[in-house]
Structures are given as C-alpha cells and as structure tokens.
Amino acid sequence: PERGSTIIKDLPLWRVQWTELPGFQNVLNVHVAHYTNMFQKVLFSDTNPKYFGHIYLPGGSDNLDNPEYKLEEGTKASMVGVLMQIADYKQLNDGRLVLIVQAVEKFRIVEAQRHHSPYAIATVEILPDEEFMDSFDYGPADGDTHVKAVESAFQLHPYEVRPVTIADCAMEGETQGISVSPLSNFDAEYKIPETIIKGNIDAHDTIFETEQKVWIKLDVMLNLVQQLVDPNNEHAPPIPTQLVGLLPLKPYKPWPENFALAKYATKLDIEKVLVGTFSKSPFVRVDNIEGYSPYRRAQRLSFMIPVLTDSVIALANEEGNTRQDLLEMESTEERLDAALQKLEFICNAILELLQNK
C-alpha cells in the first residue's frame, strides 16, 4: 500500500481450489494460458515486491465466469484472501511458469475491477488481526490504528519471510523437480530497523495466555503421537522447526516441568542448526530479534497450526474450522481458540487409540 493507506489497487487475483494462509509458501506450476499471462505481467512490472492475490474459488477456473461466484458481497464468492509475493521464478521451454510464492498478509476485496476471464483484478484492503491493530491505539490524537498496523506489518515482512530461490529448492538440479518447505522461515540475517512503527505490548493480555495453552496442548499431542508411532523415542518430535521458533522466550506463565518443546527449541537455538524440509536456512527463535511484536508471533502461530494438526488427523466434519474459516477470523485469539479445540479433539482420539492397543 501507499504510505498512510491500507489499500492496494489493481491487484491481480489467482482464484483456485484451496485456501492459503499467511506464513506458508508454495511452488506453483502454472500452465493455464490466462494465468501464465497474468503472472508474466506481474513479473515484468516495475514494482517490487511482485504481489498477487490468492483467493479460494471452488472449481477454480471452471467457475471464474460463473455469476454465482462474482466477486461481490452476497454471492458465493470468498471475499477474503491472502497477499502473495513471488520469491523467484523460471519459465520452462514449453511455456509453463514455475514460481516460488510466499503468503504474507490477509486482505478483503473492496471492489473488483474485473470479475471474469482471463483473470480477476480487484482493489483490496490489508487486514491485520484485531489484537495487532489494537496495539497501535495510543489515543485519539495519534491517528488511524489500522494504517499504523499495516505499515508496521509491511516493515516486518523482510524478517518474517526469508527469500527462497529456485536454486535453493531444485532437486538434483532439475527445475521440474522443485520442492519448498511448506512454512516460510524467518530471516536470521535481517535486523528490524529502529525506525519501525511499534505498538504497545500488554504482557497480561489474555491472547498470550491462550497462546501458551495452545503450546502446552501441542506438546501433549506430540507426546501422544510419539507414544503411538515412535514409542522408543528414536526420532525428533514430529513438528516443523519453523513452528518451534515461534515458542515464546517469556511465556505468560512458567512452562510446565515436563514441557518438552522448550528444551527442543533451546537445543535448536544453541546448535544453530540448518532447518527446512527442502530449502535449508538457520533456525530462528523469533523472540531473539529486538522489536518483533509478540502479537505478530501469536498471529503467525494461529495460522501455522493447521500444517501440523491436518497432518495428524483429518476430521470428517470440519465445518467452522476449515482453513478458509480460520483465514476469515478477525481475531488471533479466536483462531487460537479454534486450534485449541482441535488439538483437544486429536489428543482424545489418540488416547483412545493408545488405550485400545
């Protein structure tokens, strides 16, 4: 957005069959002509970073011209999506584009300039979570909290999203065989500037209590999973290290004595290990960087939890707790509460399996 604004105009939209969440990254193999054209226009524009919008659309391109999914309030169309940045790309000999893309921020469509083929274009408003915005409420004379929160968020993106290149991710030198870790890592080399716009931090805010409850329940779930599949503890906890880096250094209350994740995070931090399923980068404990908002830390956790819970168990009825539902929640604490409920369900399900072994 322009300085002093929360709006991005004329954002090209990639409307596809799944929801992306902030903090995730992906490799796109683009072969459909109208989207190849869209991405080429983004790549060859004179703006940086190279942004586009990701919007969930059941049926994908088949419903692009369906009036039921016109980008207007009152239709079936999702109006909340994710701002994506293109980290790197390569065009193959057959014309296909291979893109590494990273999800950085949530937005709501304000007005669509084009709803239909070849691709949609819209004016969007960036939507940080309520708690992060409220932290910039210094008083009535200090301006718009939404504007300040958006400006601060974009100042934090270079730290929150480490750049990844095609070369980092190519498997055995094959461009067609590119894979990337599903979660973006923080950039260990980036220093948050002293000029960043900072919000007020209330260490007693209930969001941090809920954040801690999620971590404790997550630790319980991982212990139960290990009892189920690795009872001899021969392997490290089955949790992405990018998630472990979000563990608070100064929790709401002291961690329980048997809280294994704190020991694991400390071990990774001390050993300065390289992490990542495919592209490798240094482990980052996000609280080690001065100036990073704990509200952004909690928000990031609330979006990243599904990468773990979805891999452990698929629920038959996810109504109210789908990724799109999580994206559309306006509050970090609400999203963390939803994660806590799902973790509780998973723990109970695993306990039942263990008892029946």
# chains A, B, ... in the order shown; residues from 1 in each chain; ligands from 1

call {"tool": "residues_around", "arguments": {"residues": "Pro256 (chain A)", "least_positions_apart": "3", "cutoff": "12 Å", "atoms": "only C-alpha atoms", "output": "PyMOL selection string"}}
result
chain A and resi 212-213+215-217+219-220+251-253+259-263

call {"tool": "residues_around", "arguments": {"residues": "Ser181 (chain A)", "least_positions_apart": "2", "cutoff": "10 Å", "atoms": "only C-alpha atoms", "output": "number ranges by chain"}}
result
A: 24-27, 164, 169, 179, 183-185, 240, 242, 275-280

call {"tool": "write_last_selection", "arguments": {"atoms": "C-alpha atoms", "output": "mmCIF file, in the first residue's frame"}}
result
data_model
loop_
_atom_site.group_PDB
_atom_site.id
_atom_site.type_symbol
_atom_site.label_atom_id
_atom_site.label_comp_id
_atom_site.auth_asym_id
_atom_site.auth_seq_id
_atom_site.Cartn_x
_atom_site.Cartn_y
_atom_site.Cartn_z
ATOM 1 C CA PHE A 24 3.006 -20.551 4.135
ATOM 2 C CA GLN A 25 4.952 -20.866 0.885
ATOM 3 C CA ASN A 26 4.479 -22.984 -2.187
ATOM 4 C CA VAL A 27 5.744 -23.922 -5.634
ATOM 5 C CA VAL A 164 13.857 -18.513 -1.322
ATOM 6 C CA CYS A 169 14.822 -25.797 -3.994
ATOM 7 C CA SER A 179 10.084 -28.542 -3.700
ATOM 8 C CA LEU A 183 6.267 -22.899 6.007
ATOM 9 C CA SER A 184 8.283 -19.751 5.401
ATOM 10 C CA ASN A 185 11.220 -19.300 7.716
ATOM 11 C CA PRO A 240 8.216 -28.225 11.796
ATOM 12 C CA GLN A 242 9.706 -23.031 11.718
ATOM 13 C CA VAL A 275 16.318 -26.338 9.142
ATOM 14 C CA GLY A 276 13.785 -26.925 6.384
ATOM 15 C CA THR A 277 12.452 -29.957 4.533
ATOM 16 C CA PHE A 278 13.962 -28.835 1.232
ATOM 17 C CA SER A 279 15.459 -25.330 1.163
ATOM 18 C CA LYS A 280 17.706 -25.010 4.211
#

call {"tool": "closest_atom_pairs", "arguments": {"of": "region 108-136 of chain A", "to": "region 71-80 of chain A", "cutoff": "8 Å", "atoms": "only C-alpha atoms", "output": "JSON lines"}}
result
{"residue": "A:Arg108", "atom": "CA", "partner": "A:Val80", "partner_atom": "CA", "distance": 4.4}
{"residue": "A:Ile109", "atom": "CA", "partner": "A:Met79", "partner_atom": "CA", "distance": 5.4}
{"residue": "A:Glu111", "atom": "CA", "partner": "A:Glu72", "partner_atom": "CA", "distance": 7.7}
{"residue": "A:Ala112", "atom": "CA", "partner": "A:Leu71", "partner_atom": "CA", "distance": 6.3}
{"residue": "A:His115", "atom": "CA", "partner": "A:Leu71", "partner_atom": "CA", "distance": 6.0}

call {"tool": "residues_around", "arguments": {"residues": "Phe39 (chain A)", "least_positions_apart": "6", "cutoff": "9 Å", "atoms": "only C-alpha atoms", "output": "list in words"}}
result
Pro12, Val30, Phe52 and Leu97 of chain A

call {"tool": "write_last_selection", "arguments": {"atoms": "C-alpha atoms", "output": "PDB file, in the first residue's frame"}}
result
ATOM      1  CA  PRO A  12      -4.365  -9.464  -9.984  1.00  0.00           C
ATOM      2  CA  VAL A  30       1.384 -22.539 -13.979  1.00  0.00           C
ATOM      3  CA  PHE A  52      -0.708 -11.004  -6.459  1.00  0.00           C
ATOM      4  CA  LEU A  97       5.983 -20.959 -15.336  1.00  0.00           C
TER       5      LEU A  97
END

call {"tool": "atom_distance", "arguments": {"atom1": "CA of Lys250 (chain A)", "atom2": "CA of Asp129 (chain A)"}}
result
21.7 Å

call {"tool": "residues_around", "arguments": {"residues": "region 289-297 of chain A", "least_positions_apart": "2", "cutoff": "8 Å", "atoms": "only C-alpha atoms", "output": "PyMOL selection string"}}
result
chain A and resi 131-132+156+191-192+194+196+198-199+201+246+285-287+299-301

call {"tool": "atom_distance", "arguments": {"atom1": "CA of Ile270 (chain A)", "atom2": "CA of Phe283 (chain A)"}}
result
9.7 Å

call {"tool": "select_by_dssp", "arguments": {"residues": "region 237-269 of chain A", "states": "helix (DSSP H, G or I)", "output": "list in words"}}
result
Thr241, Gln242, Leu243, Val244, Ala260, Leu261, Ala262, Lys263, Tyr264, Ala265, Thr266, Lys267, Leu268 and Asp269 of chain A

call {"tool": "write_last_selection", "arguments": {"atoms": "all heavy atoms", "output": "mmCIF file, in the first residue's frame"}}
result
data_model
loop_
_atom_site.group_PDB
_atom_site.id
_atom_site.type_symbol
_atom_site.label_atom_id
_atom_site.label_comp_id
_atom_site.auth_asym_id
_atom_site.auth_seq_id
_atom_site.Cartn_x
_atom_site.Cartn_y
_atom_site.Cartn_z
ATOM 1 N N THR A 241 10.301 -27.129 12.372
ATOM 2 C CA THR A 241 11.151 -26.258 13.181
ATOM 3 C C THR A 241 10.773 -24.789 13.033
ATOM 4 O O THR A 241 11.004 -23.987 13.938
ATOM 5 C CB THR A 241 12.627 -26.459 12.797
ATOM 6 O OG1 THR A 241 12.738 -26.424 11.367
ATOM 7 C CG2 THR A 241 13.146 -27.787 13.305
ATOM 8 N N GLN A 242 10.161 -24.422 11.878
ATOM 9 C CA GLN A 242 9.706 -23.031 11.718
ATOM 10 C C GLN A 242 8.627 -22.711 12.748
ATOM 11 O O GLN A 242 8.487 -21.564 13.175
ATOM 12 C CB GLN A 242 9.147 -22.799 10.304
ATOM 13 C CG GLN A 242 10.167 -22.964 9.191
ATOM 14 C CD GLN A 242 10.151 -24.370 8.619
ATOM 15 O OE1 GLN A 242 9.881 -25.343 9.327
ATOM 16 N NE2 GLN A 242 10.438 -24.482 7.336
ATOM 17 N N LEU A 243 7.875 -23.730 13.142
ATOM 18 C CA LEU A 243 6.843 -23.558 14.168
ATOM 19 C C LEU A 243 7.486 -23.459 15.553
ATOM 20 O O LEU A 243 7.100 -22.617 16.371
ATOM 21 C CB LEU A 243 5.872 -24.738 14.110
ATOM 22 C CG LEU A 243 4.497 -24.589 14.746
ATOM 23 C CD1 LEU A 243 3.724 -23.450 14.106
ATOM 24 C CD2 LEU A 243 3.706 -25.884 14.603
ATOM 25 N N VAL A 244 8.500 -24.286 15.803
ATOM 26 C CA VAL A 244 9.181 -24.279 17.103
ATOM 27 C C VAL A 244 9.791 -22.910 17.390
ATOM 28 O O VAL A 244 9.822 -22.442 18.529
ATOM 29 C CB VAL A 244 10.278 -25.365 17.139
ATOM 30 C CG1 VAL A 244 11.016 -25.338 18.481
ATOM 31 C CG2 VAL A 244 9.672 -26.744 16.929
ATOM 32 N N ALA A 260 8.335 -30.467 26.855
ATOM 33 C CA ALA A 260 9.487 -30.886 26.047
ATOM 34 C C ALA A 260 9.859 -29.879 24.973
ATOM 35 O O ALA A 260 11.033 -29.770 24.595
ATOM 36 C CB ALA A 260 9.197 -32.244 25.415
ATOM 37 N N LEU A 261 8.900 -29.139 24.449
ATOM 38 C CA LEU A 261 9.183 -28.241 23.333
ATOM 39 C C LEU A 261 10.157 -27.129 23.709
ATOM 40 O O LEU A 261 10.939 -26.676 22.870
ATOM 41 C CB LEU A 261 7.875 -27.643 22.801
ATOM 42 C CG LEU A 261 7.054 -28.570 21.886
ATOM 43 C CD1 LEU A 261 5.733 -27.908 21.513
ATOM 44 C CD2 LEU A 261 7.836 -28.917 20.627
ATOM 45 N N ALA A 262 10.116 -26.685 24.966
ATOM 46 C CA ALA A 262 11.050 -25.637 25.390
ATOM 47 C C ALA A 262 12.492 -26.141 25.313
ATOM 48 O O ALA A 262 13.396 -25.422 24.853
ATOM 49 C CB ALA A 262 10.720 -25.177 26.803
ATOM 50 N N LYS A 263 12.725 -27.382 25.732
ATOM 51 C CA LYS A 263 14.067 -27.965 25.665
ATOM 52 C C LYS A 263 14.503 -28.149 24.212
ATOM 53 O O LYS A 263 15.666 -27.906 23.858
ATOM 54 C CB LYS A 263 14.092 -29.310 26.401
ATOM 55 C CG LYS A 263 13.744 -29.195 27.887
ATOM 56 C CD LYS A 263 13.587 -30.568 28.520
ATOM 57 C CE LYS A 263 13.103 -30.438 29.959
ATOM 58 N NZ LYS A 263 12.831 -31.762 30.564
ATOM 59 N N TYR A 264 13.572 -28.562 23.375
ATOM 60 C CA TYR A 264 13.872 -28.780 21.958
ATOM 61 C C TYR A 264 14.222 -27.456 21.281
ATOM 62 O O TYR A 264 15.207 -27.368 20.526
ATOM 63 C CB TYR A 264 12.668 -29.439 21.279
ATOM 64 C CG TYR A 264 12.880 -29.800 19.826
ATOM 65 C CD1 TYR A 264 14.026 -30.463 19.403
ATOM 66 C CD2 TYR A 264 11.909 -29.491 18.875
ATOM 67 C CE1 TYR A 264 14.205 -30.804 18.067
ATOM 68 C CE2 TYR A 264 12.077 -29.826 17.537
ATOM 69 C CZ TYR A 264 13.233 -30.484 17.149
ATOM 70 O OH TYR A 264 13.406 -30.814 15.814
ATOM 71 N N ALA A 265 13.453 -26.403 21.560
ATOM 72 C CA ALA A 265 13.722 -25.088 20.977
ATOM 73 C C ALA A 265 15.080 -24.552 21.422
ATOM 74 O O ALA A 265 15.839 -23.998 20.617
ATOM 75 C CB ALA A 265 12.618 -24.106 21.364
ATOM 76 N N THR A 266 15.405 -24.724 22.699
ATOM 77 C CA THR A 266 16.704 -24.274 23.223
ATOM 78 C C THR A 266 17.841 -25.024 22.550
ATOM 79 O O THR A 266 18.867 -24.435 22.182
ATOM 80 C CB THR A 266 16.761 -24.482 24.746
ATOM 81 O OG1 THR A 266 15.714 -23.727 25.361
ATOM 82 C CG2 THR A 266 18.099 -24.030 25.310
ATOM 83 N N LYS A 267 17.670 -26.318 22.349
ATOM 84 C CA LYS A 267 18.687 -27.144 21.690
ATOM 85 C C LYS A 267 18.923 -26.653 20.256
ATOM 86 O O LYS A 267 20.067 -26.491 19.824
ATOM 87 C CB LYS A 267 18.240 -28.606 21.691
ATOM 88 C CG LYS A 267 19.190 -29.581 21.009
ATOM 89 C CD LYS A 267 18.684 -31.004 21.193
ATOM 90 C CE LYS A 267 19.626 -32.032 20.551
ATOM 91 N NZ LYS A 267 19.572 -31.989 19.088
ATOM 92 N N LEU A 268 17.840 -26.416 19.513
ATOM 93 C CA LEU A 268 17.974 -25.929 18.134
ATOM 94 C C LEU A 268 18.662 -24.572 18.096
ATOM 95 O O LEU A 268 19.482 -24.297 17.213
ATOM 96 C CB LEU A 268 16.591 -25.825 17.484
ATOM 97 C CG LEU A 268 15.854 -27.141 17.202
ATOM 98 C CD1 LEU A 268 14.430 -26.850 16.738
ATOM 99 C CD2 LEU A 268 16.590 -27.959 16.150
ATOM 100 N N ASP A 269 18.331 -23.725 19.067
ATOM 101 C CA ASP A 269 18.888 -22.372 19.124
ATOM 102 C C ASP A 269 20.388 -22.409 19.417
ATOM 103 O O ASP A 269 21.188 -21.721 18.774
ATOM 104 C CB ASP A 269 18.155 -21.575 20.199
ATOM 105 C CG ASP A 269 18.276 -20.065 20.004
ATOM 106 O OD1 ASP A 269 18.717 -19.636 18.922
ATOM 107 O OD2 ASP A 269 17.925 -19.322 20.929
#

call {"tool": "closest_residue", "arguments": {"among": "A:Leu99, A:Val82, A:Met221, A:Leu92", "to": "Trp18 (chain A)", "atoms": "only C-alpha atoms"}}
result
A:Val82

call {"tool": "select_by_dssp", "arguments": {"residues": "region 130-336 of chain A", "states": "strand (DSSP E or B)", "output": "JSON, numbers by chain"}}
result
{"A": [170, 171, 174, 175, 176, 177, 178, 183, 274, 275, 281, 282]}

call {"tool": "decode", "arguments": {"residues": "region 288-315 of chain A", "atoms": "N, CA, C and O atoms", "output": "PDB file, in the first residue's frame"}}
result
ATOM      1  N   ASN A 288      14.243 -13.655  19.718  1.00  0.00           N
ATOM      2  CA  ASN A 288      15.623 -13.188  19.878  1.00  0.00           C
ATOM      3  C   ASN A 288      15.864 -11.863  19.158  1.00  0.00           C
ATOM      4  O   ASN A 288      16.854 -11.194  19.422  1.00  0.00           O
ATOM      5  N   ILE A 289      14.980 -11.521  18.230  1.00  0.00           N
ATOM      6  CA  ILE A 289      15.146 -10.290  17.464  1.00  0.00           C
ATOM      7  C   ILE A 289      14.396  -9.153  18.150  1.00  0.00           C
ATOM      8  O   ILE A 289      13.171  -9.210  18.320  1.00  0.00           O
ATOM      9  N   GLU A 290      15.127  -8.123  18.538  1.00  0.00           N
ATOM     10  CA  GLU A 290      14.515  -6.992  19.226  1.00  0.00           C
ATOM     11  C   GLU A 290      13.584  -6.231  18.289  1.00  0.00           C
ATOM     12  O   GLU A 290      13.922  -5.976  17.132  1.00  0.00           O
ATOM     13  N   GLY A 291      12.409  -5.898  18.785  1.00  0.00           N
ATOM     14  CA  GLY A 291      11.475  -5.101  18.004  1.00  0.00           C
ATOM     15  C   GLY A 291      10.377  -5.909  17.339  1.00  0.00           C
ATOM     16  O   GLY A 291       9.489  -5.330  16.698  1.00  0.00           O
ATOM     17  N   TYR A 292      10.403  -7.251  17.500  1.00  0.00           N
ATOM     18  CA  TYR A 292       9.355  -8.059  16.874  1.00  0.00           C
ATOM     19  C   TYR A 292       8.161  -8.186  17.806  1.00  0.00           C
ATOM     20  O   TYR A 292       8.302  -8.559  18.971  1.00  0.00           O
ATOM     21  N   SER A 293       6.988  -7.872  17.291  1.00  0.00           N
ATOM     22  CA  SER A 293       5.781  -7.833  18.118  1.00  0.00           C
ATOM     23  C   SER A 293       5.320  -9.232  18.515  1.00  0.00           C
ATOM     24  O   SER A 293       5.134 -10.095  17.648  1.00  0.00           O
ATOM     25  N   PRO A 294       5.075  -9.489  19.807  1.00  0.00           N
ATOM     26  CA  PRO A 294       4.527 -10.790  20.209  1.00  0.00           C
ATOM     27  C   PRO A 294       3.116 -11.016  19.676  1.00  0.00           C
ATOM     28  O   PRO A 294       2.673 -12.160  19.592  1.00  0.00           O
ATOM     29  N   TYR A 295       2.418  -9.931  19.296  1.00  0.00           N
ATOM     30  CA  TYR A 295       1.099 -10.109  18.674  1.00  0.00           C
ATOM     31  C   TYR A 295       1.256 -10.737  17.285  1.00  0.00           C
ATOM     32  O   TYR A 295       0.435 -11.568  16.880  1.00  0.00           O
ATOM     33  N   ARG A 296       2.297 -10.347  16.554  1.00  0.00           N
ATOM     34  CA  ARG A 296       2.576 -10.972  15.257  1.00  0.00           C
ATOM     35  C   ARG A 296       3.024 -12.419  15.458  1.00  0.00           C
ATOM     36  O   ARG A 296       2.681 -13.300  14.653  1.00  0.00           O
ATOM     37  N   ARG A 297       3.782 -12.689  16.503  1.00  0.00           N
ATOM     38  CA  ARG A 297       4.205 -14.064  16.808  1.00  0.00           C
ATOM     39  C   ARG A 297       2.992 -14.965  17.038  1.00  0.00           C
ATOM     40  O   ARG A 297       2.892 -16.058  16.475  1.00  0.00           O
ATOM     41  N   ALA A 298       2.056 -14.475  17.861  1.00  0.00           N
ATOM     42  CA  ALA A 298       0.854 -15.266  18.159  1.00  0.00           C
ATOM     43  C   ALA A 298      -0.010 -15.420  16.907  1.00  0.00           C
ATOM     44  O   ALA A 298      -0.596 -16.488  16.675  1.00  0.00           O
ATOM     45  N   GLN A 299      -0.092 -14.362  16.108  1.00  0.00           N
ATOM     46  CA  GLN A 299      -0.869 -14.430  14.862  1.00  0.00           C
ATOM     47  C   GLN A 299      -0.279 -15.476  13.928  1.00  0.00           C
ATOM     48  O   GLN A 299      -1.000 -16.282  13.334  1.00  0.00           O
ATOM     49  N   ARG A 300       1.047 -15.472  13.810  1.00  0.00           N
ATOM     50  CA  ARG A 300       1.722 -16.446  12.935  1.00  0.00           C
ATOM     51  C   ARG A 300       1.432 -17.868  13.399  1.00  0.00           C
ATOM     52  O   ARG A 300       1.161 -18.764  12.583  1.00  0.00           O
ATOM     53  N   LEU A 301       1.516 -18.111  14.711  1.00  0.00           N
ATOM     54  CA  LEU A 301       1.208 -19.431  15.254  1.00  0.00           C
ATOM     55  C   LEU A 301      -0.206 -19.852  14.897  1.00  0.00           C
ATOM     56  O   LEU A 301      -0.452 -20.988  14.485  1.00  0.00           O
ATOM     57  N   SER A 302      -1.158 -18.926  15.035  1.00  0.00           N
ATOM     58  CA  SER A 302      -2.568 -19.257  14.799  1.00  0.00           C
ATOM     59  C   SER A 302      -2.817 -19.687  13.360  1.00  0.00           C
ATOM     60  O   SER A 302      -3.719 -20.479  13.089  1.00  0.00           O
ATOM     61  N   PHE A 303      -2.033 -19.164  12.419  1.00  0.00           N
ATOM     62  CA  PHE A 303      -2.175 -19.544  11.017  1.00  0.00           C
ATOM     63  C   PHE A 303      -1.420 -20.827  10.685  1.00  0.00           C
ATOM     64  O   PHE A 303      -1.793 -21.566   9.781  1.00  0.00           O
ATOM     65  N   MET A 304      -0.318 -21.088  11.420  1.00  0.00           N
ATOM     66  CA  MET A 304       0.544 -22.220  11.073  1.00  0.00           C
ATOM     67  C   MET A 304       0.109 -23.552  11.673  1.00  0.00           C
ATOM     68  O   MET A 304       0.505 -24.610  11.177  1.00  0.00           O
ATOM     69  N   ILE A 305      -0.674 -23.509  12.741  1.00  0.00           N
ATOM     70  CA  ILE A 305      -1.089 -24.739  13.425  1.00  0.00           C
ATOM     71  C   ILE A 305      -1.675 -25.799  12.468  1.00  0.00           C
ATOM     72  O   ILE A 305      -1.391 -26.990  12.619  1.00  0.00           O
ATOM     73  N   PRO A 306      -2.485 -25.419  11.450  1.00  0.00           N
ATOM     74  CA  PRO A 306      -3.057 -26.458  10.583  1.00  0.00           C
ATOM     75  C   PRO A 306      -2.038 -27.341   9.874  1.00  0.00           C
ATOM     76  O   PRO A 306      -2.347 -28.485   9.549  1.00  0.00           O
ATOM     77  N   VAL A 307      -0.816 -26.831   9.631  1.00  0.00           N
ATOM     78  CA  VAL A 307       0.170 -27.677   8.948  1.00  0.00           C
ATOM     79  C   VAL A 307       0.485 -28.909   9.786  1.00  0.00           C
ATOM     80  O   VAL A 307       0.855 -29.958   9.260  1.00  0.00           O
ATOM     81  N   LEU A 308       0.302 -28.798  11.084  1.00  0.00           N
ATOM     82  CA  LEU A 308       0.571 -29.913  11.985  1.00  0.00           C
ATOM     83  C   LEU A 308      -0.694 -30.724  12.260  1.00  0.00           C
ATOM     84  O   LEU A 308      -0.697 -31.946  12.100  1.00  0.00           O
ATOM     85  N   THR A 309      -1.761 -30.047  12.659  1.00  0.00           N
ATOM     86  CA  THR A 309      -2.982 -30.781  13.013  1.00  0.00           C
ATOM     87  C   THR A 309      -3.580 -31.501  11.806  1.00  0.00           C
ATOM     88  O   THR A 309      -4.069 -32.628  11.933  1.00  0.00           O
ATOM     89  N   ASP A 310      -3.535 -30.890  10.640  1.00  0.00           N
ATOM     90  CA  ASP A 310      -4.107 -31.528   9.444  1.00  0.00           C
ATOM     91  C   ASP A 310      -3.323 -32.773   9.048  1.00  0.00           C
ATOM     92  O   ASP A 310      -3.866 -33.682   8.414  1.00  0.00           O
ATOM     93  N   SER A 311      -2.023 -32.807   9.393  1.00  0.00           N
ATOM     94  CA  SER A 311      -1.213 -33.967   9.027  1.00  0.00           C
ATOM     95  C   SER A 311      -1.390 -35.121  10.013  1.00  0.00           C
ATOM     96  O   SER A 311      -1.068 -36.262   9.705  1.00  0.00           O
ATOM     97  N   VAL A 312      -1.901 -34.806  11.209  1.00  0.00           N
ATOM     98  CA  VAL A 312      -2.080 -35.840  12.226  1.00  0.00           C
ATOM     99  C   VAL A 312      -3.399 -36.566  12.034  1.00  0.00           C
ATOM    100  O   VAL A 312      -3.472 -37.795  12.069  1.00  0.00           O
ATOM    101  N   ILE A 313      -4.462 -35.796  11.804  1.00  0.00           N
ATOM    102  CA  ILE A 313      -5.784 -36.405  11.682  1.00  0.00           C
ATOM    103  C   ILE A 313      -6.685 -35.527  10.817  1.00  0.00           C
ATOM    104  O   ILE A 313      -6.615 -34.305  10.884  1.00  0.00           O
ATOM    105  N   ALA A 314      -7.456 -36.175   9.968  1.00  0.00           N
ATOM    106  CA  ALA A 314      -8.433 -35.462   9.139  1.00  0.00           C
ATOM    107  C   ALA A 314      -9.810 -35.687   9.738  1.00  0.00           C
ATOM    108  O   ALA A 314     -10.257 -36.832   9.880  1.00  0.00           O
ATOM    109  N   LEU A 315     -10.471 -34.615  10.121  1.00  0.00           N
ATOM    110  CA  LEU A 315     -11.788 -34.735  10.731  1.00  0.00           C
ATOM    111  C   LEU A 315     -12.856 -34.864   9.647  1.00  0.00           C
ATOM    112  O   LEU A 315     -12.782 -34.216   8.598  1.00  0.00           O
TER     113      LEU A 315
END
